[in-house]
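A.B. asks: Before we start, here is the structure in question, set down as structure tokens.
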Amino acid sequence: QVQLVESGGGLVQAGGSLRLSCAASGRTSSSYAMGWFHQAPGKEREFVAAISWRGGTTYYADSVKGRFAISRDNAKNTVYLQMNSLKPEDTAVYYCAAKFVGTNYDVLVNARRYDYWGQGTQVTVSS
């Protein structure tokens, strides 16, 4: 079992920045890829970014490329999502998720393929 806890969400004006963190505990001795997803009211959960176990491979949704950056510190069992140039359409609940086996692009962009999820953190961007 892996427990994931997100933090760092909040209210920010358009053009501002936030850094989300996702702390993992439990089965952290195994290698796992991590992903960030967001879900706005009335919409499906959507892929935002993902990172491989060693951090050498990252993927981003087209809507956040050049604005968001995913990173991880395995010594701290923590994954980060630096969000810059935020837009009102980025407003959503942001979730982190862990995937243990099968970490290619087609897997990591699919929310249904992840093994564990955090509870989410709200990000609100005002115009």
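Within each chain, counting starts at residue 1; across the structure tokens, chains are named A, B, ... in the order shown, with ligands numbered 1 upward in that order.
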Which residues are close to Thr57 of chain A, i.e. within 12 Å by only C-alpha atoms, leaving aside same-chain residues fewer than 2 positions away? Reply as a PyMOL selection string.
C.D. replies: chain A and resi 33-35+49-55+59-60+69-72+103-105+108
A.B. asks: Got a sec to tell me which of chain A DSSP assigns to strand (DSSP E), as a PDB file with C-alpha atoms, in the first residue's frame?
C.D. replies:
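Once written, states-v6.pdb looks like this:
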ATOM      1  CA  VAL A   2       1.041   3.564  -0.706  1.00  0.00           C
ATOM      2  CA  GLN A   3      -0.441   6.653   0.866  1.00  0.00           C
ATOM      3  CA  LEU A   4      -0.240   9.924  -1.054  1.00  0.00           C
ATOM      4  CA  VAL A   5      -0.865  13.356   0.424  1.00  0.00           C
ATOM      5  CA  GLU A   6      -0.988  16.488  -1.724  1.00  0.00           C
ATOM      6  CA  SER A   7      -0.374  20.001  -0.471  1.00  0.00           C
ATOM      7  CA  GLY A  10      -4.716  27.636  -2.955  1.00  0.00           C
ATOM      8  CA  LEU A  11      -6.062  30.787  -4.548  1.00  0.00           C
ATOM      9  CA  VAL A  12      -3.830  32.708  -6.937  1.00  0.00           C
ATOM     10  CA  GLN A  13      -4.330  35.430  -9.525  1.00  0.00           C
ATOM     11  CA  LEU A  18       2.005  27.664  -7.174  1.00  0.00           C
ATOM     12  CA  ARG A  19       4.039  24.599  -6.299  1.00  0.00           C
ATOM     13  CA  LEU A  20       2.175  21.454  -5.402  1.00  0.00           C
ATOM     14  CA  SER A  21       3.779  18.666  -3.404  1.00  0.00           C
ATOM     15  CA  CYS A  22       2.825  15.031  -3.104  1.00  0.00           C
ATOM     16  CA  ALA A  23       4.343  13.064  -0.228  1.00  0.00           C
ATOM     17  CA  ALA A  24       4.324   9.276  -0.428  1.00  0.00           C
ATOM     18  CA  SER A  25       4.505   6.813   2.443  1.00  0.00           C
ATOM     19  CA  GLY A  26       4.154   3.063   2.796  1.00  0.00           C
ATOM     20  CA  ALA A  33       6.202   6.503 -11.730  1.00  0.00           C
ATOM     21  CA  MET A  34       4.114   9.440 -10.569  1.00  0.00           C
ATOM     22  CA  GLY A  35       1.473  11.491 -12.274  1.00  0.00           C
ATOM     23  CA  TRP A  36      -0.540  14.634 -11.695  1.00  0.00           C
ATOM     24  CA  PHE A  37      -4.127  14.937 -12.867  1.00  0.00           C
ATOM     25  CA  HIS A  38      -6.750  17.602 -12.427  1.00  0.00           C
ATOM     26  CA  GLN A  39     -10.515  17.570 -12.335  1.00  0.00           C
ATOM     27  CA  GLU A  46      -7.489  14.854 -16.979  1.00  0.00           C
ATOM     28  CA  PHE A  47      -3.791  14.141 -17.299  1.00  0.00           C
ATOM     29  CA  VAL A  48      -1.446  17.014 -16.445  1.00  0.00           C
ATOM     30  CA  ALA A  49       2.076  15.597 -16.101  1.00  0.00           C
ATOM     31  CA  ALA A  50       3.986  12.420 -15.243  1.00  0.00           C
ATOM     32  CA  ILE A  51       7.532  11.487 -14.293  1.00  0.00           C
ATOM     33  CA  THR A  58       8.622  13.431 -18.129  1.00  0.00           C
ATOM     34  CA  TYR A  59       5.361  13.884 -19.994  1.00  0.00           C
ATOM     35  CA  TYR A  60       3.041  16.881 -20.118  1.00  0.00           C
ATOM     36  CA  PHE A  68       4.300  23.499 -15.564  1.00  0.00           C
ATOM     37  CA  ALA A  69       7.247  21.368 -14.470  1.00  0.00           C
ATOM     38  CA  ILE A  70       7.124  18.030 -12.674  1.00  0.00           C
ATOM     39  CA  SER A  71      10.035  16.841 -10.555  1.00  0.00           C
ATOM     40  CA  ARG A  72      10.720  14.389  -7.759  1.00  0.00           C
ATOM     41  CA  ASP A  73      13.016  13.861  -4.810  1.00  0.00           C
ATOM     42  CA  THR A  78       8.013  13.572  -2.740  1.00  0.00           C
ATOM     43  CA  VAL A  79       6.894  14.680  -6.180  1.00  0.00           C
ATOM     44  CA  TYR A  80       6.389  18.314  -7.110  1.00  0.00           C
ATOM     45  CA  LEU A  81       4.401  20.208  -9.694  1.00  0.00           C
ATOM     46  CA  GLN A  82       5.638  23.748 -10.292  1.00  0.00           C
ATOM     47  CA  MET A  83       2.858  25.700 -11.954  1.00  0.00           C
ATOM     48  CA  ALA A  92      -9.441  22.367 -10.584  1.00  0.00           C
ATOM     49  CA  VAL A  93      -8.726  19.828  -7.894  1.00  0.00           C
ATOM     50  CA  TYR A  94      -5.240  18.442  -8.495  1.00  0.00           C
ATOM     51  CA  TYR A  95      -4.482  14.824  -7.669  1.00  0.00           C
ATOM     52  CA  CYS A  96      -1.218  12.926  -7.585  1.00  0.00           C
ATOM     53  CA  ALA A  97      -1.091   9.224  -8.382  1.00  0.00           C
ATOM     54  CA  ALA A  98       1.438   6.371  -8.329  1.00  0.00           C
ATOM     55  CA  LYS A  99       1.957   3.684 -10.969  1.00  0.00           C
ATOM     56  CA  TYR A 116      -2.847   4.748  -5.833  1.00  0.00           C
ATOM     57  CA  TRP A 117      -4.294   8.243  -5.523  1.00  0.00           C
ATOM     58  CA  THR A 121      -5.769  19.747  -3.410  1.00  0.00           C
ATOM     59  CA  GLN A 122      -7.819  22.654  -4.755  1.00  0.00           C
ATOM     60  CA  VAL A 123      -6.221  25.172  -7.088  1.00  0.00           C
ATOM     61  CA  THR A 124      -8.241  28.269  -7.922  1.00  0.00           C
ATOM     62  CA  VAL A 125      -6.976  30.866 -10.395  1.00  0.00           C
ATOM     63  CA  SER A 126      -8.837  34.160 -10.444  1.00  0.00           C
TER      64      SER A 126
END
A.B. asks: Distance atom CA of Pro41 of chain A-atom CA of Val107 of chain A, one decimal place?
C.D. replies: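 Answer for the atom CA of Pro41 of chain A to atom CA of Val107 of chain A separation: 24.5 Å.
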A.B. asks: For Ala75 of chain A, which of A:Gln1, A:Ala14, A:Ser29, A:Val101 is the closest residue, counting only C-alpha atoms?
C.D. replies: A:Ser29
A.B. asks: Apply DSSP to the structure's backbone, then extract all residues of segment 2-114 of chain A labelled helix (DSSP H, G or I) and return them as a PyMOL selection string.
C.D. replies: chain A and resi 88-90+105-108+111-113
A.B. asks: Rounded to one decimal in Å, what is the spacing between atom CA of Asn77 of chain A and atom CA of Phe100 of chain A?
C.D. replies: 14.2 Å
